[in-house]
$ cat data08.tsv   # TSV, C-alpha atoms and all ligand atoms
chain	number	residue	atom	x	y	z
A	1444	MET	CA	-80.51	4.09	2.13
A	1445	SER	CA	-78.57	7.20	1.14
A	1446	ASP	CA	-77.84	9.18	-1.98
A	1447	VAL	CA	-80.62	7.64	-4.01
A	1448	VAL	CA	-81.03	9.31	-7.40
A	1449	GLU	CA	-84.11	9.18	-9.63
A	1450	VAL	CA	-83.85	9.42	-13.40
A	1451	GLN	CA	-86.92	9.78	-15.62
A	1452	VAL	CA	-87.31	8.00	-18.93
A	1453	PRO	CA	-89.72	10.43	-20.60
A	1454	LEU	CA	-92.05	8.49	-22.89
A	1455	GLY	CA	-95.37	10.29	-22.58
A	1456	ASP	CA	-97.94	8.19	-20.74
A	1457	ARG	CA	-95.34	5.39	-20.47
A	1458	THR	CA	-92.83	7.59	-18.64
A	1459	TYR	CA	-91.07	5.75	-15.84
A	1460	THR	CA	-88.51	6.30	-13.14
A	1461	VAL	CA	-85.15	4.61	-12.70
A	1462	THR	CA	-84.09	4.68	-9.05
A	1463	VAL	CA	-80.34	4.33	-8.52
A	1464	GLY	CA	-78.73	3.84	-5.13
A	1465	HIS	CA	-77.66	1.63	-2.28
A	1466	GLY	CA	-80.76	0.04	-0.80
A	1467	ALA	CA	-82.91	1.30	-3.70
A	1468	ARG	CA	-84.75	-2.05	-3.69
A	1469	THR	CA	-86.61	-0.95	-0.57
A	1470	ARG	CA	-88.55	1.40	-2.85
A	1471	ALA	CA	-89.82	-1.44	-5.02
A	1472	SER	CA	-93.09	-1.94	-3.15
A	1473	SER	CA	-93.97	1.71	-3.75
A	1474	VAL	CA	-93.30	1.63	-7.51
A	1475	ILE	CA	-95.34	-1.42	-8.53
A	1476	PRO	CA	-98.80	-0.72	-9.97
A	1477	SER	CA	-101.45	-0.06	-7.32
A	1478	THR	CA	-103.64	-2.75	-8.93
A	1479	ALA	CA	-101.13	-5.52	-8.23
A	1480	ARG	CA	-102.34	-8.22	-5.87
A	1481	ARG	CA	-99.72	-10.74	-6.98
A	1482	VAL	CA	-96.02	-10.29	-7.66
A	1483	ALA	CA	-94.13	-12.85	-9.76
A	1484	VAL	CA	-90.42	-12.47	-9.11
A	1485	VAL	CA	-88.16	-13.80	-11.87
A	1486	THR	CA	-84.55	-14.36	-10.83
A	1487	GLN	CA	-81.63	-16.81	-10.91
A	1488	SER	CA	-80.39	-19.09	-8.16
A	1489	GLY	CA	-76.91	-17.46	-8.16
A	1490	ILE	CA	-78.34	-14.06	-7.31
A	1491	PRO	CA	-78.51	-13.55	-3.54
A	1492	ASP	CA	-82.10	-13.57	-2.20
A	1493	THR	CA	-81.35	-10.41	-0.25
A	1494	TYR	CA	-81.78	-8.40	-3.47
A	1495	ILE	CA	-85.38	-9.57	-3.82
A	1496	PRO	CA	-87.52	-6.71	-2.51
A	1497	GLN	CA	-90.26	-7.25	0.07
A	1498	PHE	CA	-93.87	-6.84	-1.04
A	1499	PRO	CA	-95.85	-7.02	2.22
A	1500	GLN	CA	-99.23	-6.24	0.60
A	1501	GLN	CA	-99.04	-8.78	-2.23
A	1502	SER	CA	-98.80	-12.52	-2.58
A	1503	VAL	CA	-95.34	-13.26	-3.98
A	1504	SER	CA	-94.15	-16.21	-6.08
A	1505	ILE	CA	-90.51	-16.78	-7.03
A	1506	HIS	CA	-89.55	-18.15	-10.46
A	1507	HIS	CA	-85.97	-19.17	-11.21
A	1508	ILE	CA	-84.51	-19.26	-14.68
A	1509	GLY	CA	-81.24	-20.95	-15.65
A	1510	ASP	CA	-77.89	-19.23	-15.93
A	1511	GLY	CA	-76.34	-18.60	-19.33
A	1512	GLU	CA	-77.54	-17.62	-22.80
A	1513	VAL	CA	-78.78	-21.13	-23.57
A	1514	HIS	CA	-81.61	-20.50	-21.09
A	1515	LYS	CA	-82.53	-17.21	-22.76
A	1516	SER	CA	-84.98	-19.15	-24.87
A	1517	LEU	CA	-88.61	-19.55	-25.90
A	1518	THR	CA	-88.67	-22.70	-23.76
A	1519	THR	CA	-87.96	-20.59	-20.69
A	1520	ILE	CA	-90.67	-18.11	-21.71
A	1521	GLU	CA	-93.20	-20.91	-22.10
A	1522	ARG	CA	-92.31	-22.37	-18.72
A	1523	LEU	CA	-92.53	-18.98	-17.00
A	1524	CYS	CA	-95.89	-18.18	-18.60
A	1525	SER	CA	-97.25	-21.57	-17.47
A	1526	GLU	CA	-96.05	-20.87	-13.93
A	1527	PHE	CA	-97.65	-17.40	-14.01
A	1528	ALA	CA	-100.93	-18.91	-15.20
A	1529	ARG	CA	-100.86	-21.50	-12.41
A	1530	GLU	CA	-100.29	-18.68	-9.90
A	1531	GLY	CA	-103.35	-16.89	-11.33
A	1532	LEU	CA	-101.32	-13.85	-12.41
A	1533	THR	CA	-103.53	-11.34	-14.25
A	1534	ARG	CA	-102.88	-8.23	-16.28
A	1535	GLY	CA	-103.38	-6.10	-13.18
A	1536	ASP	CA	-100.53	-7.87	-11.40
A	1537	VAL	CA	-96.80	-7.38	-11.91
A	1538	ILE	CA	-93.64	-9.27	-12.79
A	1539	VAL	CA	-90.49	-8.19	-10.96
A	1540	ALA	CA	-87.18	-9.16	-12.58
A	1541	VAL	CA	-84.28	-9.37	-10.13
A	1542	GLY	CA	-80.97	-9.93	-11.88
A	1543	GLY	CA	-78.65	-9.03	-14.71
A	1544	GLY	CA	-79.48	-8.37	-18.35
A	1545	MET	CA	-80.37	-11.96	-19.01
A	1546	VAL	CA	-83.10	-11.93	-16.35
A	1547	THR	CA	-84.43	-8.51	-17.40
A	1548	ASP	CA	-84.50	-9.52	-21.10
A	1549	VAL	CA	-86.31	-12.80	-20.37
A	1550	ALA	CA	-88.71	-11.48	-17.72
A	1551	GLY	CA	-89.35	-8.41	-19.91
A	1552	PHE	CA	-90.28	-10.56	-22.88
A	1553	ALA	CA	-92.46	-12.82	-20.73
A	1554	ALA	CA	-94.18	-9.67	-19.44
A	1555	ALA	CA	-94.67	-8.35	-23.00
A	1556	SER	CA	-96.29	-11.63	-24.03
A	1557	TYR	CA	-98.21	-12.97	-21.04
A	1558	HIS	CA	-101.86	-11.87	-21.20
A	1559	ARG	CA	-100.72	-9.69	-24.16
A	1560	GLY	CA	-98.67	-7.60	-21.81
A	1561	ILE	CA	-98.46	-7.12	-18.05
A	1562	PRO	CA	-96.36	-4.57	-16.14
A	1563	VAL	CA	-92.76	-5.42	-15.31
A	1564	VAL	CA	-90.41	-3.80	-12.81
A	1565	HIS	CA	-86.70	-4.45	-13.24
A	1566	VAL	CA	-84.42	-4.66	-10.22
A	1567	ALA	CA	-81.02	-4.58	-11.92
A	1568	THR	CA	-78.23	-6.37	-10.04
A	1569	SER	CA	-75.40	-6.30	-12.61
A	1570	LEU	CA	-73.61	-3.17	-13.78
A	1571	LEU	CA	-74.53	-3.96	-17.37
A	1572	ALA	CA	-78.22	-4.29	-16.54
A	1573	MET	CA	-78.15	-1.00	-14.63
A	1574	ILE	CA	-76.57	1.12	-17.34
A	1575	ASP	CA	-77.98	-0.68	-20.33
A	1576	ALA	CA	-80.21	-3.76	-20.43
A	1577	ALA	CA	-82.88	-2.87	-17.85
A	1578	VAL	CA	-83.56	0.59	-19.28
A	1579	GLY	CA	-85.13	1.19	-22.66
A	1580	GLY	CA	-87.66	-1.56	-23.22
A	1581	LYS	CA	-85.79	-3.98	-25.47
A	1582	THR	CA	-86.68	-7.50	-24.41
A	1583	GLY	CA	-86.13	-10.84	-26.05
A	1584	VAL	CA	-84.66	-14.29	-26.26
A	1585	ASN	CA	-82.29	-16.24	-28.50
A	1586	ILE	CA	-83.16	-18.86	-31.09
A	1587	PRO	CA	-80.58	-21.21	-32.68
A	1588	GLU	CA	-80.44	-18.87	-35.69
A	1589	GLY	CA	-79.33	-15.87	-33.68
A	1590	LYS	CA	-79.06	-13.93	-30.46
A	1591	ASN	CA	-82.03	-11.76	-29.39
A	1592	LEU	CA	-83.84	-12.62	-32.63
A	1593	VAL	CA	-87.27	-12.92	-31.00
A	1594	GLY	CA	-88.46	-10.15	-28.74
A	1595	ALA	CA	-90.55	-7.08	-28.21
A	1596	PHE	CA	-90.26	-3.49	-27.19
A	1597	TRP	CA	-91.89	-3.44	-23.76
A	1598	GLN	CA	-91.08	-0.56	-21.49
A	1599	PRO	CA	-90.84	-1.40	-17.79
A	1600	HIS	CA	-93.18	0.19	-15.29
A	1601	ALA	CA	-90.14	1.21	-13.22
A	1602	VAL	CA	-86.48	0.27	-12.85
A	1603	ILE	CA	-84.40	-0.02	-9.71
A	1604	CYS	CA	-80.60	-0.12	-9.85
A	1605	GLU	CA	-79.61	-1.74	-6.57
A	1606	LEU	CA	-76.03	-0.63	-6.05
A	1607	ASP	CA	-75.62	-2.96	-3.03
A	1608	ALA	CA	-75.69	-5.80	-5.56
A	1609	LEU	CA	-72.39	-4.77	-7.12
A	1610	ALA	CA	-70.64	-6.10	-3.99
A	1611	THR	CA	-71.37	-9.71	-5.02
A	1612	LEU	CA	-71.14	-9.31	-8.79
A	1613	PRO	CA	-68.38	-11.63	-10.11
A	1614	GLU	CA	-65.31	-9.68	-11.18
A	1615	ARG	CA	-65.52	-10.66	-14.83
A	1616	GLU	CA	-69.17	-9.48	-14.94
A	1617	MET	CA	-68.10	-6.19	-13.40
A	1618	ARG	CA	-65.47	-5.78	-16.09
A	1619	CYS	CA	-68.09	-6.49	-18.76
A	1620	GLY	CA	-70.25	-3.71	-17.36
A	1621	LEU	CA	-67.26	-1.39	-17.36
A	1622	GLY	CA	-66.69	-2.18	-21.05
A	1623	GLU	CA	-70.21	-0.90	-21.79
A	1624	MET	CA	-69.71	2.04	-19.47
A	1625	ALA	CA	-66.60	3.11	-21.40
A	1626	LYS	CA	-68.69	3.62	-24.53
A	1627	TYR	CA	-70.82	6.27	-22.77
A	1628	HIS	CA	-67.73	8.48	-22.47
A	1629	PHE	CA	-67.85	8.89	-26.24
A	1630	ILE	CA	-71.63	9.12	-26.69
A	1631	VAL	CA	-71.60	12.38	-24.74
A	1632	ARG	CA	-68.80	14.86	-24.60
A	1633	GLU	CA	-68.71	15.16	-20.85
A	1634	ASP	CA	-65.96	14.35	-18.44
A	1635	LEU	CA	-67.52	11.27	-16.88
A	1636	ASN	CA	-64.08	10.39	-15.44
A	1637	GLU	CA	-64.44	13.10	-12.85
A	1638	MET	CA	-67.68	11.74	-11.41
A	1639	PRO	CA	-67.78	9.40	-8.41
A	1640	PHE	CA	-68.65	5.90	-9.61
A	1641	ASN	CA	-72.23	5.86	-8.31
A	1642	GLU	CA	-72.97	9.20	-9.95
A	1643	ARG	CA	-71.46	7.91	-13.14
A	1644	ILE	CA	-73.87	4.96	-13.12
A	1645	ALA	CA	-76.78	7.39	-12.71
A	1646	ARG	CA	-75.40	9.59	-15.50
A	1647	CYS	CA	-75.11	6.58	-17.84
A	1648	VAL	CA	-78.74	5.75	-17.03
A	1649	GLY	CA	-79.60	9.37	-17.82
A	1650	ILE	CA	-77.80	9.24	-21.16
A	1651	LYS	CA	-79.58	6.04	-22.07
A	1652	ALA	CA	-82.91	7.56	-20.98
A	1653	GLU	CA	-82.38	10.59	-23.23
A	1654	ILE	CA	-81.50	8.40	-26.20
A	1655	VAL	CA	-84.46	6.06	-25.67
A	1656	ALA	CA	-86.83	9.02	-25.31
A	1657	ALA	CA	-85.56	10.46	-28.60
A	1658	ASP	CA	-85.55	7.18	-30.53
A	1659	GLU	CA	-87.49	4.46	-28.75
A	1660	ARG	CA	-87.41	1.93	-31.60
A	1661	GLU	CA	-83.90	2.46	-32.90
A	1662	GLY	CA	-84.65	4.31	-36.11
A	1663	GLY	CA	-81.78	6.74	-35.53
A	1664	ILE	CA	-79.61	7.81	-32.61
A	1665	ARG	CA	-80.35	4.73	-30.49
A	1666	ALA	CA	-77.74	3.11	-32.73
A	1667	PHE	CA	-75.12	5.18	-30.85
A	1668	LEU	CA	-75.54	2.74	-27.98
A	1669	ASN	CA	-73.90	0.25	-30.33
A	1670	TYR	CA	-70.65	2.24	-30.33
A	1671	GLY	CA	-67.80	-0.27	-30.50
A	1672	HIS	CA	-70.21	-3.15	-31.08
A	1673	THR	CA	-69.51	-3.94	-34.74
A	1674	LEU	CA	-66.04	-5.34	-34.10
A	1675	ALA	CA	-67.23	-6.63	-30.72
A	1676	HIS	CA	-69.87	-8.87	-32.34
A	1677	ALA	CA	-67.32	-10.14	-34.87
A	1678	LEU	CA	-64.90	-10.95	-32.02
A	1679	GLU	CA	-67.63	-12.80	-30.15
A	1680	ILE	CA	-68.47	-14.86	-33.24
A	1681	GLY	CA	-64.77	-15.38	-34.09
A	1682	THR	CA	-64.04	-16.78	-30.64
A	1683	ASP	CA	-67.23	-18.84	-30.35
A	1684	PHE	CA	-68.26	-16.48	-27.54
A	1685	GLU	CA	-65.13	-17.31	-25.48
A	1686	ILE	CA	-64.66	-13.56	-25.17
A	1687	ALA	CA	-67.39	-11.96	-23.10
A	1688	HIS	CA	-69.53	-9.25	-24.69
A	1689	GLY	CA	-68.27	-6.39	-22.52
A	1690	GLU	CA	-64.66	-7.44	-23.02
A	1691	ALA	CA	-65.24	-7.42	-26.76
A	1692	VAL	CA	-66.88	-3.98	-26.56
A	1693	SER	CA	-63.84	-2.58	-24.75
A	1694	ILE	CA	-61.73	-3.62	-27.76
A	1695	GLY	CA	-64.42	-2.55	-30.24
A	1696	VAL	CA	-64.45	0.99	-28.87
A	1697	LEU	CA	-60.69	1.26	-29.49
A	1698	TYR	CA	-61.13	-0.14	-32.98
A	1699	ALA	CA	-63.85	2.40	-33.74
A	1700	ALA	CA	-61.40	5.14	-32.75
A	1701	HIS	CA	-58.74	3.80	-35.11
A	1702	LEU	CA	-61.25	3.54	-37.94
A	1703	ALA	CA	-62.47	7.10	-37.39
A	1704	HIS	CA	-58.83	8.23	-37.44
A	1705	VAL	CA	-58.05	6.30	-40.64
A	1706	LEU	CA	-61.05	8.04	-42.23
A	1707	GLY	CA	-59.77	11.45	-41.09
A	1708	ARG	CA	-62.71	11.98	-38.75
A	1709	ILE	CA	-60.79	12.32	-35.47
A	1710	SER	CA	-57.27	13.26	-34.41
A	1711	GLU	CA	-54.56	11.03	-32.99
A	1712	GLN	CA	-55.19	12.72	-29.63
A	1713	ARG	CA	-58.81	11.59	-29.69
A	1714	VAL	CA	-57.64	8.02	-30.36
A	1715	ASP	CA	-55.36	8.38	-27.33
A	1716	GLU	CA	-58.34	9.56	-25.29
A	1717	HIS	CA	-60.12	6.30	-26.15
A	1718	TYR	CA	-57.13	4.34	-24.86
A	1719	ARG	CA	-56.98	6.50	-21.74
A	1720	VAL	CA	-60.61	5.77	-20.87
A	1721	VAL	CA	-60.55	2.06	-21.71
A	1722	HIS	CA	-57.06	1.19	-20.43
A	1723	ASP	CA	-56.47	3.71	-17.64
A	1724	VAL	CA	-59.88	4.76	-16.28
A	1725	TYR	CA	-61.39	1.26	-16.42
A	1726	GLY	CA	-58.24	-0.90	-16.49
A	1727	LEU	CA	-59.64	-2.91	-19.41
A	1728	ARG	CA	-56.41	-3.97	-21.07
A	1729	ASN	CA	-57.94	-6.82	-23.02
A	1730	PRO	CA	-55.68	-8.24	-25.70
A	1731	LEU	CA	-57.07	-9.30	-29.06
A	1732	PRO	CA	-58.03	-12.95	-28.59
A	1733	GLU	CA	-55.48	-15.41	-29.97
A	1734	GLY	CA	-56.19	-16.83	-33.38
A	1735	VAL	CA	-58.62	-14.16	-34.62
A	1736	ILE	CA	-58.00	-13.56	-38.29
A	1737	ALA	CA	-58.51	-10.17	-39.95
A	1738	ASP	CA	-60.30	-11.61	-43.01
A	1739	ARG	CA	-62.82	-13.43	-40.85
A	1740	LEU	CA	-63.43	-10.35	-38.69
A	1741	ILE	CA	-64.03	-8.21	-41.77
A	1742	GLU	CA	-66.42	-10.79	-43.20
A	1743	ASP	CA	-68.36	-10.99	-39.92
A	1744	MET	CA	-68.48	-7.19	-39.56
A	1745	GLY	CA	-70.07	-7.06	-43.02
A	1746	ARG	CA	-72.85	-9.29	-41.69
A	1747	ASP	CA	-73.58	-7.01	-38.74
A	1748	LYS	CA	-77.26	-6.11	-38.26
A	1749	LYS	CA	-76.52	-2.43	-38.95
A	1750	ALA	CA	-74.74	-3.20	-42.22
A	1751	VAL	CA	-77.42	-3.31	-44.88
A	1752	ASN	CA	-75.41	-3.24	-48.09
A	1753	SER	CA	-71.97	-2.22	-46.96
A	1754	LEU	CA	-69.68	-1.95	-43.95
A	1755	THR	CA	-71.44	0.34	-41.49
A	1756	PHE	CA	-70.09	1.64	-38.18
A	1757	VAL	CA	-70.96	4.11	-35.47
A	1758	LEU	CA	-67.98	6.47	-35.57
A	1759	ASP	CA	-66.72	9.46	-33.68
A	1760	SER	CA	-66.18	12.88	-35.26
A	1761	ALA	CA	-65.50	16.42	-34.10
A	1762	ASP	CA	-69.30	16.79	-33.79
A	1763	GLY	CA	-69.86	13.52	-31.92
A	1764	LEU	CA	-71.00	10.07	-33.01
A	1765	GLU	CA	-72.57	9.34	-36.39
A	1766	VAL	CA	-73.68	6.22	-38.26
A	1767	VAL	CA	-71.35	5.90	-41.25
A	1768	SER	CA	-72.09	3.54	-44.15
A	1769	GLY	CA	-70.21	2.59	-47.29
A	1770	ILE	CA	-66.82	2.28	-45.63
A	1771	GLU	CA	-64.23	0.71	-47.92
A	1772	GLU	CA	-62.67	-2.55	-46.90
A	1773	GLN	CA	-59.11	-1.17	-47.19
A	1774	HIS	CA	-59.90	1.37	-44.44
A	1775	VAL	CA	-61.47	-1.28	-42.22
A	1776	ARG	CA	-58.32	-3.37	-42.70
A	1777	SER	CA	-55.89	-0.46	-42.03
A	1778	ALA	CA	-57.70	0.30	-38.79
A	1779	LEU	CA	-57.46	-3.35	-37.77
A	1780	ASP	CA	-53.72	-3.27	-38.45
A	1781	ALA	CA	-53.38	-0.11	-36.35
A	1782	LEU	CA	-55.37	-1.70	-33.49
A	1783	MET	CA	-53.32	-4.89	-33.58
A	1784	ALA	CA	-50.04	-2.94	-33.64
A	1785	ARG	CA	-51.03	-0.76	-30.71
A	1786	LEU	CA	-52.42	-3.56	-28.57
A	1787	ALA	CA	-49.18	-5.49	-29.16
A	1788	GLN	CA	-47.07	-2.59	-27.78
B	1801	LIG	N1	-82.22	-5.25	-23.57
B	1801	LIG	C1	-81.14	-4.54	-23.79
B	1801	LIG	O1	-81.20	-3.37	-24.15
B	1801	LIG	C2	-79.80	-5.18	-23.55
B	1801	LIG	C3	-78.65	-4.41	-23.60
B	1801	LIG	C4	-77.43	-5.02	-23.33
B	1801	LIG	C5	-77.38	-6.38	-23.04
B	1801	LIG	N2	-78.54	-7.10	-23.00
B	1801	LIG	C6	-78.51	-8.53	-22.64
B	1801	LIG	O2	-78.05	-8.64	-21.31
B	1801	LIG	C7	-77.47	-9.93	-21.14
B	1801	LIG	C8	-76.19	-9.79	-20.37
B	1801	LIG	O3	-76.47	-9.22	-19.12
B	1801	LIG	P1	-75.43	-9.30	-17.92
B	1801	LIG	O4	-74.10	-8.86	-18.41
B	1801	LIG	O5	-76.05	-8.62	-16.77
B	1801	LIG	O6	-75.27	-10.87	-17.71
B	1801	LIG	P2	-76.19	-11.94	-16.94
B	1801	LIG	O7	-77.53	-11.42	-16.71
B	1801	LIG	O8	-76.03	-13.21	-17.69
B	1801	LIG	O9	-75.45	-12.03	-15.54
B	1801	LIG	C9	-74.13	-12.52	-15.48
B	1801	LIG	C10	-73.95	-13.44	-14.27
B	1801	LIG	O10	-73.92	-12.64	-13.08
B	1801	LIG	C11	-74.87	-13.13	-12.15
B	1801	LIG	N3	-75.28	-11.99	-11.36
B	1801	LIG	C12	-75.99	-10.90	-11.76
B	1801	LIG	N4	-76.05	-10.02	-10.76
B	1801	LIG	C13	-75.38	-10.56	-9.71
B	1801	LIG	C14	-75.07	-10.08	-8.40
B	1801	LIG	N5	-75.42	-8.87	-8.01
B	1801	LIG	N6	-74.38	-10.90	-7.57
B	1801	LIG	C15	-73.96	-12.12	-8.00
B	1801	LIG	N7	-74.20	-12.59	-9.22
B	1801	LIG	C16	-74.90	-11.80	-10.08
B	1801	LIG	C17	-75.94	-13.79	-12.98
B	1801	LIG	O11	-76.66	-14.73	-12.25
B	1801	LIG	C18	-75.09	-14.42	-14.08
B	1801	LIG	O12	-74.52	-15.63	-13.64
B	1801	LIG	C19	-77.29	-10.53	-22.51
B	1801	LIG	O13	-78.25	-11.54	-22.68
B	1801	LIG	C20	-77.56	-9.37	-23.45
B	1801	LIG	O14	-78.11	-9.78	-24.67
B	1801	LIG	C21	-79.73	-6.53	-23.24
$ encode --input "data08.tsv" --output "structure tokens" --more "lines below"
Ligand SMILES: NC(=O)c1ccc[n+]([C@@H]2O[C@H](COP(=O)([O-])OP(=O)(O)OC[C@H]3O[C@@H](n4cnc5c(N)ncnc54)[C@H](O)[C@@H]3O)[C@@H](O)[C@H]2O)c1
Amino acid sequence: MSDVVEVQVPLGDRTYTVTVGHGARTRASSVIPSTARRVAVVTQSGIPDTYIPQFPQQSVSIHHIGDGEVHKSLTTIERLCSEFAREGLTRGDVIVAVGGGMVTDVAGFAAASYHRGIPVVHVATSLLAMIDAAVGGKTGVNIPEGKNLVGAFWQPHAVICELDALATLPEREMRCGLGEMAKYHFIVREDLNEMPFNERIARCVGIKAEIVAADEREGGIRAFLNYGHTLAHALEIGTDFEIAHGEAVSIGVLYAAHLAHVLGRISEQRVDEHYRVVHDVYGLRNPLPEGVIADRLIEDMGRDKKAVNSLTFVLDSADGLEVVSGIEEQHVRSALDALMARLAQ
């Protein structure tokens, strides 16, 4: 194990460490609570067993959940909790999630609920889980009425970002993580491009940690993590989720730049910088999906969670990101036209 970096998420007596590096999973046994006699590992069958850490002092049970959002459900939570109960898992024990954001969201919510809350350690194996889902304490599952509609804030006891795991991550999943990574370039005004990739992952974790520490329950700046997500969600809905979330975010970030420009908030050069990061640094040249219609996108953006009474976006400015409400539809439409024209070039 070399070049392992530790990032703190400072939350008072719930402060925890995110360990980022190749072979970081070997530290898992030292970060679980000292009271733990049993470890319940939650993972998926497609995730290589080699990423499951060893816990020589504890009795370990392995619990698989299905692949895909349909399994991110209350049914899965009930099944997991029954399995934990049969294993005799108590509040002094620990759940260890080994996987991508789906596993950390599900295992995190099971941990928040079982015995009214037991510690959870996330071992993130996808890029998206490392830089986003595993850090920050948002957990939850889907119900037919909506994605992530049932959940809890439940901070992990520790997080491990196992960089070895990126070697087996499917290419499309990697690209999805890169789509989320691109947004961090605009949350902070730092030259993330210059950093080696592993350091950039740790820096993204650090940025998320700072935001979570400042706004744990998303009353303010945590919304910046949704940069590019308003159009992204509309694209996901408009394509019946044919487009993957991270792919949609990579387009949404470009759209947010056009909208900020239409509103006179940023220069043309800053729009170009968005394209440089998304297209050149990350190679995410995703076209707008075929058949998406501007009217439908605008309607769906109006229904976004952040939009209370009007079209609301996280937008760039000379002073950084801001949440902007009350945006007129004509501006939203002009920015869509500009995006479509540029992506068609
Ligand atoms: N809680 C949060 O703050 C937060 C933030 C962003 C996203 N999310 C959630 O995260 C989920 C998406 O996470 P994701 O993009 O990691 O997708 P995912 O967890 O569904 O993983 C994608 C696929 O990659 C596989 N996989 C993961 N790591 C692997 C590895 N190292 N090698 C081989 N295969 C591997 C998984 O088994 C799965 O098939 C969504 O449910 C989303 O809602 C949560």
$ closest_residue --input "data08.tsv" --among "A:Gly1734, A:Gly1695, A:Pro1491, A:Gly1455" --to "ligand LIG 1801 (chain B)" --atoms "all atoms listed in the file"
A:Pro1491
$ closest_residue --input "data08.tsv" --among "A:Pro1587, A:Pro1453, A:Glu1512, A:Ala1608" --to "Ile1490 in chain A" --atoms "only C-alpha atoms"
A:Ala1608
$ closest_atom_pairs --input "data08.tsv" --of "chain A" --to "ligand LIG 1801 (chain B)" --cutoff "8 Å" --atoms "only C-alpha atoms and all ligand atoms" --output "tab-separated table"
residue	atom	partner	partner_atom	distance
A:Gln1487	CA	B:LIG1801	O11	5.6
A:Ser1488	CA	B:LIG1801	O11	7.0
A:Gly1489	CA	B:LIG1801	O11	4.9
A:Ile1490	CA	B:LIG1801	N7	4.8
A:Pro1491	CA	B:LIG1801	N6	6.3
A:Tyr1494	CA	B:LIG1801	N5	7.8
A:Asp1510	CA	B:LIG1801	O12	5.4
A:Gly1511	CA	B:LIG1801	O8	5.6
A:Glu1512	CA	B:LIG1801	O13	6.1
A:Lys1515	CA	B:LIG1801	O13	7.1
A:Gly1542	CA	B:LIG1801	N4	5.0
A:Gly1543	CA	B:LIG1801	O7	3.3
A:Gly1544	CA	B:LIG1801	O3	3.2
A:Met1545	CA	B:LIG1801	O7	3.7
A:Val1546	CA	B:LIG1801	O7	5.6
A:Thr1547	CA	B:LIG1801	N1	7.3
A:Asp1548	CA	B:LIG1801	N1	5.4
A:Ala1567	CA	B:LIG1801	N4	7.5
A:Thr1568	CA	B:LIG1801	N5	4.3
A:Ser1569	CA	B:LIG1801	N4	4.2
A:Leu1570	CA	B:LIG1801	O5	6.7
A:Leu1571	CA	B:LIG1801	O5	4.9
A:Ala1572	CA	B:LIG1801	O5	4.8
A:Asp1575	CA	B:LIG1801	C3	5.0
A:Ala1576	CA	B:LIG1801	C2	3.5
A:Ala1577	CA	B:LIG1801	N1	6.2
A:Val1578	CA	B:LIG1801	O1	6.7
A:Gly1579	CA	B:LIG1801	O1	6.2
A:Gly1580	CA	B:LIG1801	N1	6.6
A:Lys1581	CA	B:LIG1801	N1	4.2
A:Thr1582	CA	B:LIG1801	N1	5.1
A:Gly1583	CA	B:LIG1801	N1	7.3
A:Val1584	CA	B:LIG1801	O13	7.8
A:Lys1590	CA	B:LIG1801	O14	7.2
A:Asn1591	CA	B:LIG1801	O14	6.4
A:Asp1607	CA	B:LIG1801	N5	7.7
A:Ala1608	CA	B:LIG1801	N5	3.9
A:Leu1609	CA	B:LIG1801	N5	5.2
A:Ala1610	CA	B:LIG1801	N5	6.8
A:Thr1611	CA	B:LIG1801	N6	4.1
A:Leu1612	CA	B:LIG1801	N6	3.8
A:Pro1613	CA	B:LIG1801	N7	6.0
A:Glu1616	CA	B:LIG1801	C9	5.8
A:Cys1619	CA	B:LIG1801	O4	6.5
A:Gly1620	CA	B:LIG1801	O4	6.5
A:His1688	CA	B:LIG1801	O4	7.8
A:Gly1689	CA	B:LIG1801	O4	7.5
$ closest_residue --input "data08.tsv" --among "A:Met1638, A:Val1448, A:Met1573, A:Ala1467" --to "Met1617 in chain A" --atoms "all atoms listed in the file"
A:Met1573
$ closest_residue --input "data08.tsv" --among "A:Asn1641, A:Ser1693, A:Thr1519, A:Thr1682" --to "Ala1625 in chain A" --atoms "all atoms listed in the file"
A:Ser1693
$ residues_around --input "data08.tsv" --residues "Ala1781 in chain A" --least-positions-apart "3" --cutoff "12 Å" --atoms "only C-alpha atoms" --output "VMD selection string"
chain A and resid 1697 to 1705 1711 1714 1737 1774 to 1778 1784 to 1788
$ closest_residue --input "data08.tsv" --among "A:Arg1665, A:His1628, A:His1676, A:His1507" --to "Asp1759 in chain A" --atoms "all atoms listed in the file"
A:His1628
$ build_atoms --input "data08.tsv" --residues "range 1708-1713 of chain A" --atoms "N, CA and C atoms" --output "compact mmCIF listing (two decimals), in the coordinates of the input"
# COMPACT_ATOMS: atom_id res chain seq x y z
N ARG A 1708 -61.60 11.39 -39.49
CA ARG A 1708 -62.71 11.98 -38.75
C ARG A 1708 -62.28 12.51 -37.38
N ILE A 1709 -61.26 11.87 -36.79
CA ILE A 1709 -60.79 12.32 -35.47
C ILE A 1709 -59.25 12.35 -35.47
N SER A 1710 -58.73 13.09 -34.51
CA SER A 1710 -57.27 13.26 -34.41
C SER A 1710 -56.64 12.07 -33.68
N GLU A 1711 -55.33 12.02 -33.75
CA GLU A 1711 -54.56 11.03 -32.99
C GLU A 1711 -54.82 11.19 -31.49
N GLN A 1712 -54.97 12.46 -31.06
CA GLN A 1712 -55.19 12.72 -29.63
C GLN A 1712 -56.52 12.10 -29.18
N ARG A 1713 -57.50 12.17 -30.05
CA ARG A 1713 -58.81 11.59 -29.69
C ARG A 1713 -58.70 10.05 -29.61
